[in-house]
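Undergrad: File follows, protein-v3.tsv with TSV, C-alpha atoms:
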```tsv
chain	number	residue	atom	x	y	z
A	15	MET	CA	-21.84	-3.41	132.40
A	16	ASP	CA	-23.61	-5.57	134.97
A	17	VAL	CA	-22.31	-8.11	137.50
A	18	ALA	CA	-24.08	-11.04	139.15
A	19	VAL	CA	-22.72	-12.68	142.31
A	20	LEU	CA	-23.94	-16.23	142.88
A	21	GLY	CA	-23.85	-17.03	146.58
A	22	ALA	CA	-24.05	-13.35	147.48
A	23	THR	CA	-24.80	-13.92	151.17
A	24	GLY	CA	-21.89	-16.26	151.89
A	25	ASP	CA	-18.69	-15.09	153.56
A	26	VAL	CA	-16.84	-14.47	150.31
A	27	GLY	CA	-19.90	-13.55	148.25
A	28	ARG	CA	-20.85	-10.83	150.73
A	29	GLN	CA	-17.29	-9.46	150.66
A	30	ILE	CA	-17.31	-9.44	146.86
A	31	CYS	CA	-20.58	-7.52	146.77
A	32	THR	CA	-19.40	-5.07	149.42
A	33	GLN	CA	-16.05	-4.41	147.74
A	34	LEU	CA	-17.68	-3.98	144.32
A	35	VAL	CA	-19.87	-1.22	145.77
A	36	GLU	CA	-17.37	0.30	148.20
A	37	ARG	CA	-14.59	0.54	145.60
A	38	GLN	CA	-17.09	1.97	143.07
A	39	VAL	CA	-16.17	-0.64	140.48
A	40	LEU	CA	-19.69	-0.31	139.08
A	41	PRO	CA	-21.21	3.10	138.26
A	42	PRO	CA	-24.70	3.97	139.55
A	43	THR	CA	-26.17	3.14	136.13
A	44	SER	CA	-24.90	-0.45	136.20
A	45	ARG	CA	-26.58	-3.33	137.99
A	46	LEU	CA	-25.27	-5.63	140.71
A	47	GLN	CA	-27.40	-8.75	140.91
A	48	LEU	CA	-27.39	-10.49	144.30
A	49	VAL	CA	-28.19	-14.16	143.73
A	50	GLY	CA	-29.44	-16.53	146.41
A	51	ARG	CA	-31.64	-19.62	146.58
A	52	PRO	CA	-35.33	-19.67	147.53
A	53	GLY	CA	-36.63	-21.59	150.49
A	54	GLY	CA	-33.65	-21.21	152.80
A	55	THR	CA	-31.48	-18.76	154.68
A	56	SER	CA	-29.84	-17.54	151.47
A	57	GLY	CA	-33.17	-16.61	149.91
A	58	ARG	CA	-34.08	-14.57	152.99
A	59	ALA	CA	-30.70	-13.00	153.66
A	60	VAL	CA	-30.16	-11.73	150.13
A	61	HIS	CA	-32.97	-9.19	150.58
A	62	GLY	CA	-31.39	-8.02	153.81
A	63	LEU	CA	-27.99	-7.75	152.11
A	64	ARG	CA	-29.48	-5.51	149.44
A	65	THR	CA	-30.93	-3.21	152.11
A	66	ASP	CA	-27.68	-3.15	154.05
A	67	LEU	CA	-25.68	-2.16	150.97
A	68	VAL	CA	-28.14	0.62	150.17
A	69	ASP	CA	-27.93	1.90	153.75
A	70	ALA	CA	-24.13	2.01	153.61
A	71	TYR	CA	-23.46	3.20	150.05
A	72	ASP	CA	-26.62	4.81	148.71
A	73	GLU	CA	-24.82	7.84	147.24
A	74	HIS	CA	-22.76	5.78	144.80
A	75	ALA	CA	-24.27	2.29	144.82
A	76	PRO	CA	-25.20	0.66	141.50
A	77	LEU	CA	-28.69	-0.64	140.91
A	78	LEU	CA	-29.11	-3.56	143.29
A	79	ASP	CA	-31.22	-6.46	142.11
A	80	VAL	CA	-32.18	-9.75	143.82
A	81	ALA	CA	-32.48	-13.05	141.94
A	82	LEU	CA	-33.54	-16.37	143.46
A	83	ASP	CA	-33.79	-18.53	140.33
A	84	PRO	CA	-30.77	-19.55	138.20
A	85	ASP	CA	-32.85	-18.76	135.10
A	86	ASP	CA	-33.04	-15.11	136.18
A	87	VAL	CA	-29.26	-14.56	136.29
A	88	VAL	CA	-28.33	-12.00	133.64
A	89	ALA	CA	-25.06	-10.06	133.67
A	90	ASP	CA	-21.93	-9.27	131.68
A	91	VAL	CA	-19.76	-10.84	134.40
A	92	VAL	CA	-20.99	-13.68	136.58
A	93	VAL	CA	-19.07	-14.49	139.78
A	94	VAL	CA	-19.64	-18.01	141.08
A	95	ALA	CA	-19.24	-18.01	144.87
A	96	ALA	CA	-22.05	-20.46	145.66
A	97	GLY	CA	-21.75	-23.91	147.16
A	98	ARG	CA	-20.43	-25.60	150.27
A	99	THR	CA	-17.21	-24.82	152.12
A	100	PRO	CA	-16.05	-27.45	154.63
A	101	PRO	CA	-15.52	-26.17	158.17
A	102	PRO	CA	-12.15	-26.48	159.92
A	103	THR	CA	-11.52	-29.84	161.60
A	104	SER	CA	-9.82	-30.75	164.86
A	105	ASP	CA	-7.29	-33.00	163.13
A	106	GLY	CA	-6.50	-30.54	160.32
A	107	VAL	CA	-7.86	-32.87	157.63
A	108	PRO	CA	-10.56	-31.09	155.62
A	109	ALA	CA	-13.21	-32.76	153.52
A	110	SER	CA	-11.63	-34.32	150.46
A	111	ARG	CA	-11.91	-32.63	147.08
A	112	ALA	CA	-14.07	-35.59	145.98
A	113	GLU	CA	-16.51	-34.96	148.84
A	114	LEU	CA	-16.63	-31.26	148.06
A	115	ALA	CA	-17.10	-32.03	144.36
A	116	ALA	CA	-20.03	-34.30	145.14
A	117	ASP	CA	-21.76	-31.42	146.92
A	118	ASN	CA	-20.90	-28.57	144.58
A	119	ALA	CA	-21.08	-30.25	141.16
A	120	ALA	CA	-24.86	-29.93	141.20
A	121	VAL	CA	-24.59	-26.23	142.02
A	122	PHE	CA	-22.17	-25.67	139.15
A	123	ARG	CA	-24.40	-27.60	136.74
A	124	ALA	CA	-27.57	-25.74	137.73
A	125	TYR	CA	-26.06	-22.35	137.01
A	126	ALA	CA	-24.18	-23.54	133.93
A	127	ASP	CA	-27.36	-24.95	132.39
A	128	ALA	CA	-29.33	-21.82	133.25
A	129	LEU	CA	-26.73	-19.49	131.74
A	130	ALA	CA	-26.47	-21.65	128.64
A	131	ALA	CA	-30.24	-21.55	128.17
A	132	HIS	CA	-31.08	-18.01	129.26
A	133	GLY	CA	-27.85	-15.99	129.28
A	134	SER	CA	-26.62	-13.55	126.69
A	135	GLY	CA	-24.08	-15.96	125.23
A	136	SER	CA	-21.23	-13.54	125.91
A	137	GLU	CA	-21.03	-13.28	129.71
A	138	VAL	CA	-17.66	-13.97	131.31
A	139	VAL	CA	-17.73	-16.28	134.34
A	140	VAL	CA	-15.25	-16.03	137.23
A	141	VAL	CA	-15.28	-19.18	139.37
A	142	VAL	CA	-14.45	-18.66	143.04
A	143	SER	CA	-16.12	-21.72	144.58
A	144	ASN	CA	-14.19	-24.90	145.30
A	145	PRO	CA	-13.19	-27.18	143.78
A	146	VAL	CA	-12.47	-24.29	141.45
A	147	GLU	CA	-11.12	-26.62	138.74
A	148	LEU	CA	-14.37	-28.60	138.69
A	149	GLY	CA	-16.40	-25.40	138.48
A	150	VAL	CA	-14.32	-24.29	135.49
A	151	ALA	CA	-14.66	-27.68	133.80
A	152	ILE	CA	-18.46	-27.86	134.16
A	153	LEU	CA	-19.11	-24.26	133.14
A	154	ALA	CA	-16.64	-24.47	130.23
A	155	GLU	CA	-18.49	-27.51	128.87
A	156	ARG	CA	-21.68	-25.51	128.57
A	157	LEU	CA	-20.59	-21.93	127.95
A	158	GLY	CA	-17.35	-22.05	125.97
A	159	ARG	CA	-13.97	-22.44	127.59
A	160	HIS	CA	-12.61	-18.94	126.83
A	161	ARG	CA	-15.47	-17.37	128.77
A	162	VAL	CA	-14.66	-19.16	132.04
A	163	ILE	CA	-11.71	-18.54	134.39
A	164	GLY	CA	-11.04	-19.78	137.90
A	165	MET	CA	-9.52	-17.19	140.21
A	166	GLY	CA	-7.76	-19.63	142.56
A	167	ALA	CA	-4.43	-19.38	140.76
A	168	TRP	CA	-4.65	-15.59	140.80
A	169	LEU	CA	-5.27	-15.60	144.54
A	170	ASP	CA	-2.29	-17.92	145.03
A	171	THR	CA	-0.23	-15.67	142.74
A	172	LEU	CA	-0.98	-12.54	144.75
A	173	ARG	CA	-0.09	-14.38	147.94
A	174	PHE	CA	3.19	-15.55	146.37
A	175	ARG	CA	4.09	-12.01	145.31
A	176	ARG	CA	3.30	-10.71	148.76
A	177	GLU	CA	5.44	-13.34	150.49
A	178	LEU	CA	8.32	-12.65	148.10
A	179	ALA	CA	7.99	-8.92	148.70
A	180	VAL	CA	8.06	-9.43	152.48
A	181	SER	CA	11.22	-11.52	152.25
A	182	LEU	CA	12.87	-8.98	149.95
A	183	GLY	CA	11.77	-5.95	151.95
A	184	VAL	CA	9.97	-4.32	149.00
A	185	ARG	CA	6.34	-3.54	148.13
A	186	ARG	CA	4.29	-6.16	146.30
A	187	HIS	CA	3.84	-4.08	143.17
A	188	ARG	CA	7.58	-4.43	142.50
A	189	VAL	CA	7.35	-8.22	142.36
A	190	GLY	CA	6.10	-10.36	139.48
A	191	GLY	CA	5.71	-14.10	139.26
A	192	PHE	CA	2.92	-16.65	139.00
A	193	VAL	CA	1.49	-19.70	140.73
A	194	GLY	CA	-0.14	-22.38	138.58
A	195	GLY	CA	-1.46	-25.90	138.93
A	196	GLN	CA	-4.34	-26.73	141.27
A	197	HIS	CA	-5.58	-24.22	143.80
A	198	GLY	CA	-4.67	-24.88	147.42
A	199	GLU	CA	-2.12	-27.30	148.74
A	200	ASP	CA	-1.25	-28.55	145.23
A	201	ALA	CA	-0.45	-25.08	143.94
A	202	VAL	CA	2.77	-24.87	141.90
A	203	PRO	CA	4.92	-21.78	142.60
A	204	LEU	CA	6.59	-20.94	139.28
A	205	TRP	CA	9.88	-19.55	140.55
A	206	SER	CA	11.18	-19.19	136.99
A	207	THR	CA	8.57	-16.48	136.34
A	208	VAL	CA	9.66	-14.28	139.25
A	209	ARG	CA	10.65	-10.75	138.28
A	210	ILE	CA	11.73	-8.00	140.68
A	211	SER	CA	11.59	-4.39	139.60
A	212	GLY	CA	14.95	-2.65	139.95
A	213	LEU	CA	17.05	-5.83	139.81
A	214	ASP	CA	18.88	-7.00	136.70
A	215	VAL	CA	18.97	-10.65	135.68
A	216	ASP	CA	22.01	-11.59	137.77
A	217	GLU	CA	20.72	-9.77	140.85
A	218	ARG	CA	17.32	-11.40	140.49
A	219	GLU	CA	18.82	-14.88	140.13
A	220	ARG	CA	20.88	-14.38	143.26
A	221	ALA	CA	17.87	-13.11	145.19
A	222	VAL	CA	15.71	-16.05	144.09
A	223	ALA	CA	18.46	-18.55	144.91
A	224	ARG	CA	18.79	-17.04	148.39
A	225	LEU	CA	15.04	-17.26	149.00
A	226	ARG	CA	14.81	-20.85	147.79
A	227	GLY	CA	17.81	-22.02	149.79
A	228	GLY	CA	18.74	-24.83	147.40
A	229	ARG	CA	15.26	-26.39	147.49
A	230	THR	CA	13.32	-27.60	144.44
A	231	LEU	CA	9.65	-28.35	143.88
A	232	ALA	CA	10.44	-32.06	143.93
A	233	THR	CA	10.29	-31.90	147.72
A	234	PHE	CA	7.49	-29.35	147.97
A	235	PRO	CA	4.55	-31.74	148.64
A	236	ALA	CA	6.47	-33.38	151.48
A	237	GLU	CA	7.34	-29.96	152.90
A	238	VAL	CA	3.66	-28.96	152.82
A	239	ALA	CA	2.61	-32.14	154.64
A	240	ASP	CA	5.31	-31.65	157.27
A	241	ALA	CA	4.38	-27.99	157.70
A	242	LYS	CA	0.74	-28.88	158.38
A	243	ALA	CA	1.76	-31.43	160.99
A	244	GLN	CA	4.00	-28.92	162.73
A	245	LEU	CA	1.32	-26.26	162.69
A	246	MET	CA	-1.33	-28.51	164.17
A	247	ALA	CA	1.00	-29.50	166.99
A	248	VAL	CA	1.95	-25.91	167.81
A	249	ALA	CA	-1.56	-24.49	167.33
A	250	SER	CA	-2.98	-26.93	169.86
A	251	ARG	CA	-0.94	-25.06	172.48
A	252	ASP	CA	-0.59	-21.52	171.07
A	253	ILE	CA	-2.23	-20.30	167.86
A	254	ALA	CA	-0.10	-17.14	167.79
A	255	ALA	CA	3.05	-19.28	167.91
A	256	ALA	CA	1.77	-21.27	164.92
A	257	PHE	CA	1.45	-18.13	162.83
A	258	ALA	CA	4.87	-16.98	164.02
A	259	LEU	CA	6.33	-20.31	162.90
A	260	ILE	CA	5.00	-19.74	159.39
A	261	ASP	CA	7.00	-16.51	159.20
A	262	THR	CA	10.25	-18.50	159.51
A	263	TRP	CA	9.59	-20.58	156.38
A	264	PRO	CA	10.45	-19.89	152.68
A	265	PRO	CA	7.99	-17.76	150.70
A	266	ASP	CA	6.49	-20.57	148.61
A	267	LEU	CA	5.75	-22.68	151.69
A	268	ARG	CA	4.16	-19.66	153.40
A	269	VAL	CA	1.83	-19.26	150.40
A	270	VAL	CA	0.21	-22.60	151.21
A	271	ALA	CA	0.64	-22.69	154.99
A	272	ARG	CA	-0.68	-19.25	155.93
A	273	PRO	CA	-4.20	-19.52	154.43
A	274	TRP	CA	-4.44	-23.14	155.59
A	275	MET	CA	-3.65	-22.07	159.16
A	276	THR	CA	-6.03	-19.14	158.87
A	277	HIS	CA	-8.82	-21.54	157.98
A	278	GLN	CA	-7.87	-23.90	160.78
A	279	SER	CA	-7.91	-21.01	163.26
A	280	GLY	CA	-11.63	-20.57	162.66
A	281	ALA	CA	-11.18	-17.36	160.71
A	282	LYS	CA	-11.89	-17.06	157.00
A	283	THR	CA	-9.91	-15.67	154.08
A	284	ALA	CA	-12.94	-13.90	152.66
A	285	THR	CA	-11.44	-10.41	152.38
A	286	GLY	CA	-8.34	-11.46	150.45
A	287	THR	CA	-10.27	-13.85	148.23
A	288	ALA	CA	-12.79	-11.15	147.40
A	289	SER	CA	-10.08	-8.60	146.66
A	290	ALA	CA	-8.37	-10.94	144.18
A	291	THR	CA	-11.73	-11.61	142.56
A	292	ILE	CA	-12.41	-7.90	142.21
A	293	ASP	CA	-9.05	-7.55	140.40
A	294	LEU	CA	-10.32	-9.87	137.68
A	295	VAL	CA	-13.82	-8.42	137.53
A	296	GLU	CA	-12.57	-4.84	137.28
A	297	THR	CA	-10.22	-5.81	134.45
A	298	ILE	CA	-12.99	-7.48	132.49
A	299	LEU	CA	-15.34	-4.55	132.99
A	300	ASP	CA	-12.99	-1.73	131.97
A	301	GLY	CA	-11.67	-3.32	128.78
A	302	ARG	CA	-8.01	-3.74	129.72
A	303	GLU	CA	-5.92	-6.78	128.98
A	304	ILE	CA	-3.67	-8.03	131.76
A	305	VAL	CA	-1.65	-11.15	132.45
A	306	VAL	CA	-2.97	-13.17	135.38
A	307	ALA	CA	-2.80	-16.76	136.50
A	308	GLY	CA	-6.07	-18.62	136.34
A	309	GLN	CA	-7.60	-22.05	136.09
A	310	VAL	CA	-8.79	-22.45	132.50
A	311	ALA	CA	-9.93	-25.29	130.26
A	312	LEU	CA	-7.03	-25.88	127.89
A	313	ALA	CA	-7.11	-27.61	124.53
A	314	GLY	CA	-3.40	-28.02	123.86
A	315	GLU	CA	-2.37	-24.39	124.40
A	316	ALA	CA	0.16	-25.46	127.03
A	317	ARG	CA	2.54	-28.41	127.26
A	318	VAL	CA	3.70	-29.97	130.52
A	319	GLY	CA	5.47	-33.25	131.06
A	320	GLY	CA	6.19	-33.41	127.33
A	321	ALA	CA	2.51	-33.47	126.32
A	322	PRO	CA	-0.18	-30.92	125.51
A	323	VAL	CA	-2.76	-30.32	128.24
A	324	ASP	CA	-6.37	-31.04	127.34
A	325	GLY	CA	-8.21	-30.13	130.50
A	326	VAL	CA	-8.27	-27.62	133.33
A	327	LEU	CA	-4.99	-26.27	134.72
A	328	GLY	CA	-3.83	-23.09	136.41
A	329	VAL	CA	-1.48	-21.22	134.05
A	330	PRO	CA	-0.60	-17.59	133.20
A	331	VAL	CA	-3.11	-16.24	130.70
A	332	VAL	CA	-4.13	-12.97	129.10
A	333	VAL	CA	-7.54	-11.87	130.35
A	334	GLY	CA	-9.66	-9.13	128.85
A	335	PRO	CA	-13.29	-8.10	128.39
A	336	GLU	CA	-14.19	-11.26	126.44
A	337	GLY	CA	-12.49	-13.73	128.74
A	338	TRP	CA	-9.06	-15.30	128.39
A	339	THR	CA	-7.35	-15.36	125.02
A	340	ARG	CA	-3.72	-16.54	125.27
A	341	VAL	CA	-1.55	-18.74	127.43
A	342	LEU	CA	1.80	-17.23	128.39
A	343	LEU	CA	4.01	-20.07	129.54
A	344	ASP	CA	7.71	-20.21	128.74
A	345	PRO	CA	9.52	-23.57	128.79
A	346	LEU	CA	9.85	-24.47	132.46
A	347	PRO	CA	12.67	-25.89	134.58
A	348	PRO	CA	12.31	-29.66	135.14
A	349	ASP	CA	10.97	-29.40	138.69
A	350	GLU	CA	8.24	-26.90	137.74
A	351	ASP	CA	7.31	-28.86	134.62
A	352	ALA	CA	7.03	-32.10	136.59
A	353	ARG	CA	4.87	-30.52	139.32
A	354	LEU	CA	2.54	-28.92	136.75
A	355	ALA	CA	2.19	-32.28	135.00
A	356	GLN	CA	1.29	-33.90	138.32
A	357	ALA	CA	-1.25	-31.15	139.01
A	358	ALA	CA	-2.80	-31.59	135.56
A	359	ALA	CA	-3.15	-35.34	136.18
A	360	ALA	CA	-4.70	-34.77	139.61
A	361	ILE	CA	-7.19	-32.26	138.24
A	362	ALA	CA	-8.14	-34.59	135.37
A	363	ALA	CA	-8.78	-37.43	137.81
A	364	GLY	CA	-10.81	-35.18	140.08
A	365	THR	CA	-13.03	-33.70	137.37
A	366	ALA	CA	-13.55	-36.83	135.25
A	367	PRO	CA	-16.43	-38.30	137.30
A	368	TRP	CA	-18.44	-35.11	136.92
A	369	THR	CA	-17.75	-34.00	133.36
A	370	SER	CA	-17.83	-35.28	129.80
A	371	GLY	CA	-14.30	-34.04	129.18
A	372	THR	CA	-15.34	-32.03	126.12
A	373	PRO	CA	-15.46	-28.30	126.89
A	374	ALA	CA	-17.48	-26.19	124.49
A	375	THR	CA	-15.31	-24.40	121.96
A	376	THR	CA	-17.64	-21.55	121.09
A	377	SER	CA	-16.41	-18.30	122.51
A	378	PRO	CA	-16.56	-14.61	121.64
A	379	ALA	CA	-12.79	-14.56	121.96
A	380	THR	CA	-10.72	-16.10	119.20
A	381	PRO	CA	-8.07	-18.35	120.74
A	382	SER	CA	-4.50	-17.59	119.88
A	383	PRO	CA	-1.55	-19.96	119.89
A	384	VAL	CA	0.80	-20.22	122.85
A	385	THR	CA	3.03	-17.20	123.09
A	386	THR	CA	5.51	-15.76	125.51
A	387	SER	CA	5.04	-12.14	124.46
A	388	PRO	CA	3.07	-10.18	127.07
A	389	PRO	CA	0.46	-7.60	126.10
A	390	THR	CA	1.42	-3.96	126.20
A	391	THR	CA	-0.78	-3.17	129.19
A	392	THR	CA	0.52	-3.28	132.75
A	393	PRO	CA	-0.28	-6.42	134.78
A	394	ALA	CA	-2.46	-5.96	137.86
A	395	THR	CA	-0.54	-5.75	141.11
A	396	THR	CA	-2.61	-5.87	143.32
A	397	THR	CA	-18.37	-20.85	154.15
A	398	PRO	CA	-21.67	-23.13	154.94
A	399	ALA	CA	-23.76	-25.13	152.43
A	400	THR	CA	-25.58	-23.23	149.65
A	401	THR	CA	-24.13	-19.91	150.70
A	402	ASP	CA	-20.49	-19.82	149.81
A	403	GLY	CA	-18.03	-22.33	148.42
A	404	ALA	CA	-15.30	-19.87	147.72
A	405	ALA	CA	-11.60	-20.57	147.54
A	406	ARG	CA	-9.48	-20.00	150.61
```
Using structure tokens, write down the structure that the file contains.
TA:
Amino acid sequence: MDVAVLGATGDVGRQICTQLVERQVLPPTSRLQLVGRPGGTSGRAVHGLRTDLVDAYDEHAPLLDVALDPDDVVADVVVVAAGRTPPPTSDGVPASRAELAADNAAVFRAYADALAAHGSGSEVVVVVSNPVELGVAILAERLGRHRVIGMGAWLDTLRFRRELAVSLGVRRHRVGGFVGGQHGEDAVPLWSTVRISGLDVDERERAVARLRGGRTLATFPAEVADAKAQLMAVASRDIAAAFALIDTWPPDLRVVARPWMTHQSGAKTATGTASATIDLVETILDGREIVVAGQVALAGEARVGGAPVDGVLGVPVVVGPEGWTRVLLDPLPPDEDARLAQAAAAIAAGTAPWTSGTPATTSPATPSPVTTSPPTTTPATTTPATTDGAAR
């Protein structure tokens, strides 16, 4: 099984490549294709990255290949980490999703067209670049929607589980639960999906009620906006105090605030983003089926706001070696349902200018109807222009 990383020399792309080799996800007989663009820093640096990885991991490194043309990308799993990532700003207001879409839509289209024309027809694509929902929409149009998954919701999910575990004083592997919707500040923490190993239903409900403190998702967007304003004010005087302030907030608010503040600090979230990506890649490569949250192109498999969703949305899905196959979404409490419906509408508005709205339906995986029965396998527990547009 071979993997290609588009945007291999970017902050997140480099971390993905390094972790794939360091964690020995690929055996020496497999190939890791490092993909850059000719005529710029990426096209030069990708050769140096290959040499650096050989120097560090020669004893167990897979075959390392360099590709500089989208038509030359060939792999069983393709990780899209190419594109532009906006830098932090002094006022805390990043480039809009529309501005980022205008830059990265062409990148998504170039690779989608190349894979459609020259790929195997069965590769699974993991979209890391932002806007992740647009990347999923464009690639799904050309490759088949069951072969494309955005990892933003999985990254948000792992962050949610970690923040819950910290508040509960347990390790993350004991905590379940998902985040859906749109990646980033419009993520939707699905509190109704939270499960805590070792607690019965009544104990879990009491624990969740204590952590939420009587709040609902109806006020969540306003809380996020207020949190950002507070953080900018404090960070202007003392960045350490800003991070300490985040620790005093509820877990769902920390999920959004902590990576946002990390980005504003001038640091990147490359290591965590890459680790979450490797979770998905490793699952696809070794043939397991697990339940994750991911941005996928739906065609009525989920209902929010009283209507089926026909478009991209982050939801819990079953992922395996042929892509995603089933949506696992129980009926939701009113506040979660309303926020998911709002996220679906926002994503549809954001992707419409760049897509036809008709994802390809061909896929090696046969879609199944909506179900709430999980598979028998255990769920997993655990940026400049043209180089890396990965999710933060």
Undergrad: Using only C-alpha atoms, can you tell me which of A:Val184, A:Pro42, A:Ser134, A:His197 comes closest to Ser211 (chain A)?
TA: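 Result for the nearest residue to Ser211 (chain A): A:Val184.
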Undergrad: Take CA of Arg64 (chain A) and CA of Trp168 (chain A) and report the distance between them in Å, one decimal.
TA: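 Interatomic distance, CA of Arg64 (chain A) to CA of Trp168 (chain A): 28.2 Å.
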Undergrad: Tell me, as a list of chain:residue names, which residues lie within 12 Å of Ser206 (chain A), counting all atoms listed in the file; anything in the same chain fewer than 6 positions away does not count.
TA: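 Once the adjacent positions are removed, what remains is A:Gly190, A:Gly191, A:Phe192, A:Val193, A:Gly194, A:Val215, A:Arg218, A:Glu219, A:Val222, A:Ala223, A:Arg226, A:Thr230, A:Leu231, A:Leu343, A:Asp344, A:Pro345, A:Leu346, A:Pro347, A:Pro348, A:Asp349, A:Glu350, A:Asp351.
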Undergrad: Ranking A:Val35, A:Leu40, A:Val305, A:Ile163 by minimum distance to Leu342 (chain A) and counting only C-alpha atoms, which one comes first?
TA: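 Of A:Val35, A:Leu40, A:Val305, A:Ile163, the one nearest Leu342 (chain A), counting only C-alpha atoms, is A:Val305.
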Undergrad: Considering all atoms listed in the file, return as JSON, numbers by chain whatever protein or nucleic-acid residues lie within 7 Å of Ala256 (chain A), sequence-local ones (same chain, fewer than 6 positions apart) excluded.
TA: {"A": [245, 248, 249]}
Undergrad: Rank A:Val142, A:Val91, A:Val180, A:Val326 by their smallest atom-to-atom distance to Ala357 (chain A), using all atoms listed in the file, and report the top residue only.
TA: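 So, comparing all the options, the nearest one is A:Val326.
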